[in-house]
Amino acid sequence: MSLPSKQIPAAAHDESSILLEAVIQLAESPLTQIAEKLRSAVSPYLGCSALVVFTEECTGRPQKKCGAEEIISRVTIEELDRVRTSLSDLSPRWGRQLIGGQMREALVLKSSTNALLVLTDPVQVLSRSEATDLAVVVRLWHLAAVRIREKVAEAPPSYLRESRAASAERARITAELTDQHSTTLETLLAVLRSPAQDDATARRTVTDLAATALVFLRTQNDRTAALLEEAVVTAFQRLLEDLKPLVRFRGIDMQFVEPPINGRALPGEVAHAARAIVRGLVLAMVEQKEVHRIRTQWDCDGTNLLINMRDDGKGELSLNADSLKRLEQRVEALHGRISVEVIAGWGADVSVVLPLDPPQSTSTEGAMWNLGPREEEVLRLLVAGLRNRAIAGELQVSENTIKFHMRNLFRKLGVSSRAEAISLAVRMGFPLTTPTPQH
């Protein structure tokens, strides 16, 4: 028995497909991309200059935001908490709110998980029913809020412990700052009100007290910032501790090449993701037949964390495997890149590049080959005639780091030698650069 059919207009089909795709994207989105995916999902219904999510479930990063930099770079937790407290129920509210340091038109919604959504300068995209569009936005928001809760719940215990430890330390520092500066302000007021001191003495005393308080505040700010980063060597040592049980029980010869001790500190999410990626790669490698040795190297070129892993198996590793697809998604969530080169009978070579900073737009020349900023610099110096050691000196990184970038360059350009890379770059109009004189 077949169900009765009804002719559905093409426009309705298109709208349903767009909405369904938005729901899928939200459901599958990693936490680092949830704001971008949600903004994209609501864009057919409501436009906005910026979208901000505030949720205390993500203790490490309670704000998820995208849009106009002048708004998202200035919005504070205090502003968001004040807005959330003002909402008595889950009904959406339109109106002016203090967001990013100034009053703005905004749509604000609270979810059943107590998370907050803020859309600044909202505008209806199409001339449809405002109530219908708003209802869709509300439902998409509640789906995103629930997924955030689920993603946090699915996070590994180590991530949750780190996040909670960082939150507890920030709370302690905030309490210390409150006590310290309450005392400072009370002292300043007492000096200014004291009839026992003349104006000059009072000004001098107040100036000294204020200067001391500012020094203390900056010191505490540096300390708080340090909580969000992890020294590259420390992050690597924690990786070794994580892999000890695997090495002990699998009998694999694990070889490690440690990063330079003066490498740039890693953002917390990069350090955490890097360890998880290496653990996943090790597990994928040992599942192959006849793997006896795995070599892991970390390096930091000041812009990226570079991970290289090799095994001595039969060369059966593939990015098409489900385990590696999940790792690839994790790498892409941090705007990174992963590549696998296999030689049958000789093993696999995996390269992972994780940017330490948010992505910057690449130049037109580099974009044709999908080069990262550091790869562009290496190519320019290569075209200028420098050898690996000179390029390493120019960029102040190790020669092994340059070799890592060279492998990626050759692969992306589709060449097999330095001469071919230089010839192709010159032929395509890649700009030359003048190296800094070496003293």
# chains A, B, ... in the order shown; residues from 1 in each chain; ligands from 1

$ residues_around --residues "Leu119 (chain A)" --least-positions-apart "5" --cutoff "9 Å" --atoms "only C-alpha atoms" --output "mmCIF file with N, CA and C atoms, in the first residue's frame"
data_model
loop_
_atom_site.group_PDB
_atom_site.id
_atom_site.type_symbol
_atom_site.label_atom_id
_atom_site.label_comp_id
_atom_site.auth_asym_id
_atom_site.auth_seq_id
_atom_site.Cartn_x
_atom_site.Cartn_y
_atom_site.Cartn_z
ATOM 1 N N ARG A 39 25.214 30.453 13.421
ATOM 2 C CA ARG A 39 24.957 31.680 12.657
ATOM 3 C C ARG A 39 24.578 31.345 11.221
ATOM 4 N N LEU A 46 17.209 35.077 10.022
ATOM 5 C CA LEU A 46 17.606 36.336 10.666
ATOM 6 C C LEU A 46 19.078 36.602 10.397
ATOM 7 N N GLY A 47 19.365 37.796 9.919
ATOM 8 C CA GLY A 47 20.751 38.210 9.784
ATOM 9 C C GLY A 47 21.193 38.912 11.055
ATOM 10 N N CYS A 48 22.493 38.970 11.298
ATOM 11 C CA CYS A 48 23.000 39.639 12.494
ATOM 12 C C CYS A 48 24.446 40.054 12.256
ATOM 13 N N SER A 49 24.884 41.089 12.978
ATOM 14 C CA SER A 49 26.274 41.530 12.852
ATOM 15 C C SER A 49 27.209 40.632 13.652
ATOM 16 N N ALA A 50 26.709 40.037 14.731
ATOM 17 C CA ALA A 50 27.524 39.128 15.541
ATOM 18 C C ALA A 50 26.607 38.163 16.281
ATOM 19 N N LEU A 51 27.139 36.972 16.553
ATOM 20 C CA LEU A 51 26.416 35.965 17.336
ATOM 21 C C LEU A 51 27.312 35.538 18.490
ATOM 22 N N VAL A 52 26.735 35.552 19.694
ATOM 23 C CA VAL A 52 27.501 35.186 20.895
ATOM 24 C C VAL A 52 26.701 34.166 21.694
ATOM 25 N N GLU A 105 21.043 47.136 19.356
ATOM 26 C CA GLU A 105 19.839 46.345 19.131
ATOM 27 C C GLU A 105 20.218 44.875 19.153
ATOM 28 N N ALA A 106 19.416 44.075 19.853
ATOM 29 C CA ALA A 106 19.785 42.662 19.984
ATOM 30 C C ALA A 106 18.557 41.798 20.189
ATOM 31 N N LEU A 107 18.679 40.549 19.758
ATOM 32 C CA LEU A 107 17.722 39.502 20.096
ATOM 33 C C LEU A 107 18.432 38.578 21.069
ATOM 34 N N VAL A 108 17.832 38.363 22.239
ATOM 35 C CA VAL A 108 18.470 37.514 23.251
ATOM 36 C C VAL A 108 17.505 36.392 23.626
ATOM 37 N N LEU A 109 18.075 35.184 23.808
ATOM 38 C CA LEU A 109 17.288 34.011 24.180
ATOM 39 C C LEU A 109 18.044 33.199 25.201
#

$ residues_around --residues "region 90-96 of chain A" --least-positions-apart "6" --cutoff "10 Å" --atoms "only C-alpha atoms" --output "VMD selection string"
chain A and resid 102 to 112 114 116 to 122 134 to 135 137 to 138 142

$ residues_around --residues "His292 (chain A)" --least-positions-apart "5" --cutoff "7 Å" --atoms "only C-alpha atoms" --output "JSON, numbers by chain"
{"A": [252, 253, 312]}

$ residues_around --residues "Leu143 (chain A)" --least-positions-apart "3" --cutoff "12 Å" --atoms "only C-alpha atoms" --output "ChimeraX atom specification"
/A:22-29,34,37-38,41-42,111-113,115,136-140,146-150

$ closest_residue --among "A:Cys300, A:Leu324, A:Leu306, A:Ala211" --to "Gly280 (chain A)" --atoms "only C-alpha atoms"
A:Leu324

$ residues_around --residues "Asp81 (chain A)" --least-positions-apart "2" --cutoff "12 Å" --atoms "only C-alpha atoms" --output "PyMOL selection string"
chain A and resi 53-56+62-63+75-79+83-87+97-99+108+110+114-118

$ write_last_selection --atoms "N, CA and C atoms" --output "PDB file, in the first residue's frame"
ATOM      1  N   VAL A  53      27.358  33.073  22.063  1.00  0.00           N
ATOM      2  CA  VAL A  53      26.776  32.065  22.956  1.00  0.00           C
ATOM      3  C   VAL A  53      27.528  32.127  24.275  1.00  0.00           C
ATOM      4  N   PHE A  54      26.789  32.143  25.378  1.00  0.00           N
ATOM      5  CA  PHE A  54      27.391  32.162  26.713  1.00  0.00           C
ATOM      6  C   PHE A  54      26.870  30.952  27.470  1.00  0.00           C
ATOM      7  N   THR A  55      27.768  30.029  27.808  1.00  0.00           N
ATOM      8  CA  THR A  55      27.375  28.836  28.539  1.00  0.00           C
ATOM      9  C   THR A  55      28.430  28.481  29.560  1.00  0.00           C
ATOM     10  N   GLU A  56      28.008  28.294  30.785  1.00  0.00           N
ATOM     11  CA  GLU A  56      28.943  27.958  31.854  1.00  0.00           C
ATOM     12  C   GLU A  56      29.317  26.484  31.847  1.00  0.00           C
ATOM     13  N   PRO A  62      33.715  29.846  28.102  1.00  0.00           N
ATOM     14  CA  PRO A  62      32.270  30.030  28.233  1.00  0.00           C
ATOM     15  C   PRO A  62      31.633  30.837  27.111  1.00  0.00           C
ATOM     16  N   GLN A  63      32.453  31.546  26.320  1.00  0.00           N
ATOM     17  CA  GLN A  63      31.914  32.302  25.197  1.00  0.00           C
ATOM     18  C   GLN A  63      32.234  31.596  23.879  1.00  0.00           C
ATOM     19  N   VAL A  75      33.012  42.008  23.891  1.00  0.00           N
ATOM     20  CA  VAL A  75      31.939  41.523  24.753  1.00  0.00           C
ATOM     21  C   VAL A  75      32.532  40.846  25.987  1.00  0.00           C
ATOM     22  N   THR A  76      31.918  41.062  27.143  1.00  0.00           N
ATOM     23  CA  THR A  76      32.449  40.515  28.388  1.00  0.00           C
ATOM     24  C   THR A  76      31.452  39.560  29.033  1.00  0.00           C
ATOM     25  N   ILE A  77      31.978  38.702  29.887  1.00  0.00           N
ATOM     26  CA  ILE A  77      31.133  37.765  30.617  1.00  0.00           C
ATOM     27  C   ILE A  77      30.177  38.532  31.529  1.00  0.00           C
ATOM     28  N   GLU A  78      30.656  39.648  32.096  1.00  0.00           N
ATOM     29  CA  GLU A  78      29.787  40.454  32.968  1.00  0.00           C
ATOM     30  C   GLU A  78      28.563  40.946  32.213  1.00  0.00           C
ATOM     31  N   GLU A  79      28.752  41.433  30.970  1.00  0.00           N
ATOM     32  CA  GLU A  79      27.616  41.895  30.160  1.00  0.00           C
ATOM     33  C   GLU A  79      26.647  40.751  29.884  1.00  0.00           C
ATOM     34  N   VAL A  83      22.680  40.199  31.079  1.00  0.00           N
ATOM     35  CA  VAL A  83      21.567  39.977  30.151  1.00  0.00           C
ATOM     36  C   VAL A  83      20.819  38.712  30.517  1.00  0.00           C
ATOM     37  N   ARG A  84      21.549  37.654  30.784  1.00  0.00           N
ATOM     38  CA  ARG A  84      20.915  36.373  31.108  1.00  0.00           C
ATOM     39  C   ARG A  84      20.078  36.477  32.377  1.00  0.00           C
ATOM     40  N   THR A  85      20.599  37.173  33.372  1.00  0.00           N
ATOM     41  CA  THR A  85      19.867  37.330  34.637  1.00  0.00           C
ATOM     42  C   THR A  85      18.569  38.085  34.434  1.00  0.00           C
ATOM     43  N   SER A  86      18.547  38.987  33.454  1.00  0.00           N
ATOM     44  CA  SER A  86      17.345  39.797  33.216  1.00  0.00           C
ATOM     45  C   SER A  86      16.226  39.010  32.543  1.00  0.00           C
ATOM     46  N   LEU A  87      16.536  37.810  32.011  1.00  0.00           N
ATOM     47  CA  LEU A  87      15.520  37.009  31.330  1.00  0.00           C
ATOM     48  C   LEU A  87      14.827  36.090  32.324  1.00  0.00           C
ATOM     49  N   GLN A  97      20.563  46.302  24.242  1.00  0.00           N
ATOM     50  CA  GLN A  97      21.322  45.667  25.316  1.00  0.00           C
ATOM     51  C   GLN A  97      22.751  46.197  25.289  1.00  0.00           C
ATOM     52  N   LEU A  98      23.380  46.217  26.459  1.00  0.00           N
ATOM     53  CA  LEU A  98      24.782  46.599  26.539  1.00  0.00           C
ATOM     54  C   LEU A  98      25.629  45.391  26.134  1.00  0.00           C
ATOM     55  N   ILE A  99      26.168  45.417  24.924  1.00  0.00           N
ATOM     56  CA  ILE A  99      26.968  44.317  24.379  1.00  0.00           C
ATOM     57  C   ILE A  99      28.225  44.901  23.745  1.00  0.00           C
ATOM     58  N   VAL A 108      17.832  38.363  22.239  1.00  0.00           N
ATOM     59  CA  VAL A 108      18.470  37.514  23.251  1.00  0.00           C
ATOM     60  C   VAL A 108      17.505  36.392  23.626  1.00  0.00           C
ATOM     61  N   LYS A 110      17.312  32.635  26.137  1.00  0.00           N
ATOM     62  CA  LYS A 110      17.888  31.717  27.107  1.00  0.00           C
ATOM     63  C   LYS A 110      17.368  30.320  26.796  1.00  0.00           C
ATOM     64  N   ASN A 114      20.185  26.838  30.449  1.00  0.00           N
ATOM     65  CA  ASN A 114      20.624  28.111  31.044  1.00  0.00           C
ATOM     66  C   ASN A 114      21.724  28.794  30.230  1.00  0.00           C
ATOM     67  N   ALA A 115      21.910  28.360  28.993  1.00  0.00           N
ATOM     68  CA  ALA A 115      22.838  29.044  28.094  1.00  0.00           C
ATOM     69  C   ALA A 115      22.129  30.251  27.485  1.00  0.00           C
ATOM     70  N   LEU A 116      22.925  31.206  27.026  1.00  0.00           N
ATOM     71  CA  LEU A 116      22.390  32.453  26.476  1.00  0.00           C
ATOM     72  C   LEU A 116      22.836  32.620  25.032  1.00  0.00           C
ATOM     73  N   LEU A 117      21.913  33.068  24.185  1.00  0.00           N
ATOM     74  CA  LEU A 117      22.238  33.420  22.800  1.00  0.00           C
ATOM     75  C   LEU A 117      21.962  34.900  22.593  1.00  0.00           C
ATOM     76  N   VAL A 118      22.914  35.598  21.975  1.00  0.00           N
ATOM     77  CA  VAL A 118      22.760  37.016  21.650  1.00  0.00           C
ATOM     78  C   VAL A 118      23.018  37.200  20.163  1.00  0.00           C
TER      79      VAL A 118
END

$ decode --residues "region 282-325 of chain A" --atoms "N, CA and C atoms" --output "mmCIF file, in the first residue's frame"
data_model
loop_
_atom_site.group_PDB
_atom_site.id
_atom_site.type_symbol
_atom_site.label_atom_id
_atom_site.label_comp_id
_atom_site.auth_asym_id
_atom_site.auth_seq_id
_atom_site.Cartn_x
_atom_site.Cartn_y
_atom_site.Cartn_z
ATOM 1 N N VAL A 282 48.444 6.642 17.079
ATOM 2 C CA VAL A 282 49.170 5.481 17.595
ATOM 3 C C VAL A 282 48.260 4.258 17.586
ATOM 4 N N LEU A 283 47.029 4.419 18.066
ATOM 5 C CA LEU A 283 46.093 3.292 18.087
ATOM 6 C C LEU A 283 45.799 2.789 16.686
ATOM 7 N N ALA A 284 45.659 3.734 15.722
ATOM 8 C CA ALA A 284 45.400 3.312 14.339
ATOM 9 C C ALA A 284 46.607 2.578 13.761
ATOM 10 N N MET A 285 47.797 3.021 14.095
ATOM 11 C CA MET A 285 49.010 2.393 13.563
ATOM 12 C C MET A 285 49.219 0.996 14.126
ATOM 13 N N VAL A 286 48.999 0.825 15.426
ATOM 14 C CA VAL A 286 49.262 -0.490 16.024
ATOM 15 C C VAL A 286 48.223 -1.532 15.609
ATOM 16 N N GLU A 287 47.083 -1.085 15.065
ATOM 17 C CA GLU A 287 46.080 -2.029 14.598
ATOM 18 C C GLU A 287 46.480 -2.657 13.267
ATOM 19 N N GLN A 288 47.498 -2.087 12.603
ATOM 20 C CA GLN A 288 47.977 -2.676 11.354
ATOM 21 C C GLN A 288 48.810 -3.931 11.651
ATOM 22 N N LYS A 289 49.020 -4.710 10.625
ATOM 23 C CA LYS A 289 49.836 -5.910 10.776
ATOM 24 C C LYS A 289 51.322 -5.554 10.783
ATOM 25 N N GLU A 290 52.055 -6.257 11.628
ATOM 26 C CA GLU A 290 53.514 -6.192 11.648
ATOM 27 C C GLU A 290 54.064 -4.788 11.889
ATOM 28 N N VAL A 291 53.437 -4.052 12.776
ATOM 29 C CA VAL A 291 53.999 -2.766 13.188
ATOM 30 C C VAL A 291 54.773 -2.991 14.478
ATOM 31 N N HIS A 292 56.056 -2.673 14.451
ATOM 32 C CA HIS A 292 56.915 -2.878 15.620
ATOM 33 C C HIS A 292 57.496 -1.573 16.152
ATOM 34 N N ARG A 293 57.504 -0.548 15.312
ATOM 35 C CA ARG A 293 58.142 0.705 15.722
ATOM 36 C C ARG A 293 57.319 1.899 15.229
ATOM 37 N N ILE A 294 57.148 2.885 16.136
ATOM 38 C CA ILE A 294 56.453 4.132 15.781
ATOM 39 C C ILE A 294 57.318 5.299 16.255
ATOM 40 N N ARG A 295 57.564 6.224 15.358
ATOM 41 C CA ARG A 295 58.374 7.409 15.680
ATOM 42 C C ARG A 295 57.478 8.636 15.690
ATOM 43 N N THR A 296 57.538 9.405 16.779
ATOM 44 C CA THR A 296 56.704 10.608 16.934
ATOM 45 C C THR A 296 57.597 11.822 17.156
ATOM 46 N N GLN A 297 57.376 12.846 16.349
ATOM 47 C CA GLN A 297 58.147 14.084 16.481
ATOM 48 C C GLN A 297 57.211 15.282 16.566
ATOM 49 N N TRP A 298 57.501 16.163 17.522
ATOM 50 C CA TRP A 298 56.805 17.445 17.628
ATOM 51 C C TRP A 298 57.811 18.553 17.362
ATOM 52 N N ASP A 299 57.329 19.608 16.716
ATOM 53 C CA ASP A 299 58.143 20.811 16.538
ATOM 54 C C ASP A 299 57.199 22.003 16.518
ATOM 55 N N CYS A 300 57.749 23.174 16.693
ATOM 56 C CA CYS A 300 56.935 24.390 16.699
ATOM 57 C C CYS A 300 57.685 25.459 15.917
ATOM 58 N N ASP A 301 57.063 25.968 14.847
ATOM 59 C CA ASP A 301 57.748 26.955 14.019
ATOM 60 C C ASP A 301 57.350 28.393 14.360
ATOM 61 N N GLY A 302 56.707 28.563 15.516
ATOM 62 C CA GLY A 302 56.261 29.893 15.926
ATOM 63 C C GLY A 302 54.868 30.226 15.458
ATOM 64 N N THR A 303 54.390 29.510 14.437
ATOM 65 C CA THR A 303 53.048 29.723 13.887
ATOM 66 C C THR A 303 52.182 28.477 14.034
ATOM 67 N N ASN A 304 52.818 27.310 13.929
ATOM 68 C CA ASN A 304 52.091 26.035 13.969
ATOM 69 C C ASN A 304 52.773 25.044 14.900
ATOM 70 N N LEU A 305 51.973 24.122 15.418
ATOM 71 C CA LEU A 305 52.526 22.916 16.032
ATOM 72 C C LEU A 305 52.615 21.881 14.925
ATOM 73 N N LEU A 306 53.808 21.322 14.736
ATOM 74 C CA LEU A 306 54.054 20.364 13.663
ATOM 75 C C LEU A 306 54.221 18.974 14.269
ATOM 76 N N ILE A 307 53.423 18.040 13.813
ATOM 77 C CA ILE A 307 53.480 16.664 14.306
ATOM 78 C C ILE A 307 53.801 15.749 13.139
ATOM 79 N N ASN A 308 54.804 14.895 13.325
ATOM 80 C CA ASN A 308 55.144 13.916 12.296
ATOM 81 C C ASN A 308 55.231 12.540 12.945
ATOM 82 N N MET A 309 54.551 11.563 12.364
ATOM 83 C CA MET A 309 54.561 10.206 12.899
ATOM 84 C C MET A 309 54.816 9.210 11.770
ATOM 85 N N ARG A 310 55.669 8.210 12.070
ATOM 86 C CA ARG A 310 55.990 7.177 11.084
ATOM 87 C C ARG A 310 55.906 5.805 11.744
ATOM 88 N N ASP A 311 55.469 4.824 10.962
ATOM 89 C CA ASP A 311 55.500 3.444 11.464
ATOM 90 C C ASP A 311 56.278 2.573 10.479
ATOM 91 N N ASP A 312 56.558 1.344 10.885
ATOM 92 C CA ASP A 312 57.323 0.426 10.023
ATOM 93 C C ASP A 312 56.458 -0.725 9.542
ATOM 94 N N GLY A 313 55.141 -0.427 9.392
ATOM 95 C CA GLY A 313 54.222 -1.475 8.964
ATOM 96 C C GLY A 313 54.267 -1.733 7.471
ATOM 97 N N LYS A 314 53.154 -2.247 6.947
ATOM 98 C CA LYS A 314 53.075 -2.626 5.541
ATOM 99 C C LYS A 314 52.536 -1.500 4.654
ATOM 100 N N GLY A 315 52.357 -0.314 5.233
ATOM 101 C CA GLY A 315 51.851 0.796 4.424
ATOM 102 C C GLY A 315 50.374 0.696 4.139
ATOM 103 N N GLU A 316 49.590 0.298 5.151
ATOM 104 C CA GLU A 316 48.148 0.073 4.954
ATOM 105 C C GLU A 316 47.292 1.193 5.531
ATOM 106 N N LEU A 317 47.907 2.200 6.152
ATOM 107 C CA LEU A 317 47.145 3.270 6.798
ATOM 108 C C LEU A 317 46.478 4.144 5.735
ATOM 109 N N SER A 318 45.243 4.594 5.999
ATOM 110 C CA SER A 318 44.515 5.404 5.022
ATOM 111 C C SER A 318 43.595 6.386 5.733
ATOM 112 N N LEU A 319 43.498 7.602 5.192
ATOM 113 C CA LEU A 319 42.574 8.597 5.749
ATOM 114 C C LEU A 319 41.126 8.191 5.551
ATOM 115 N N ASN A 320 40.879 7.195 4.712
ATOM 116 C CA ASN A 320 39.501 6.730 4.491
ATOM 117 C C ASN A 320 39.002 5.842 5.623
ATOM 118 N N ALA A 321 39.908 5.385 6.484
ATOM 119 C CA ALA A 321 39.486 4.570 7.628
ATOM 120 C C ALA A 321 38.675 5.424 8.595
ATOM 121 N N ASP A 322 37.675 4.803 9.220
ATOM 122 C CA ASP A 322 36.789 5.553 10.118
ATOM 123 C C ASP A 322 37.565 6.228 11.245
ATOM 124 N N SER A 323 38.549 5.523 11.811
ATOM 125 C CA SER A 323 39.305 6.091 12.932
ATOM 126 C C SER A 323 40.062 7.347 12.519
ATOM 127 N N LEU A 324 40.629 7.333 11.294
ATOM 128 C CA LEU A 324 41.373 8.501 10.831
ATOM 129 C C LEU A 324 40.451 9.616 10.354
ATOM 130 N N LYS A 325 39.262 9.264 9.885
ATOM 131 C CA LYS A 325 38.298 10.303 9.511
ATOM 132 C C LYS A 325 37.917 11.142 10.723
#
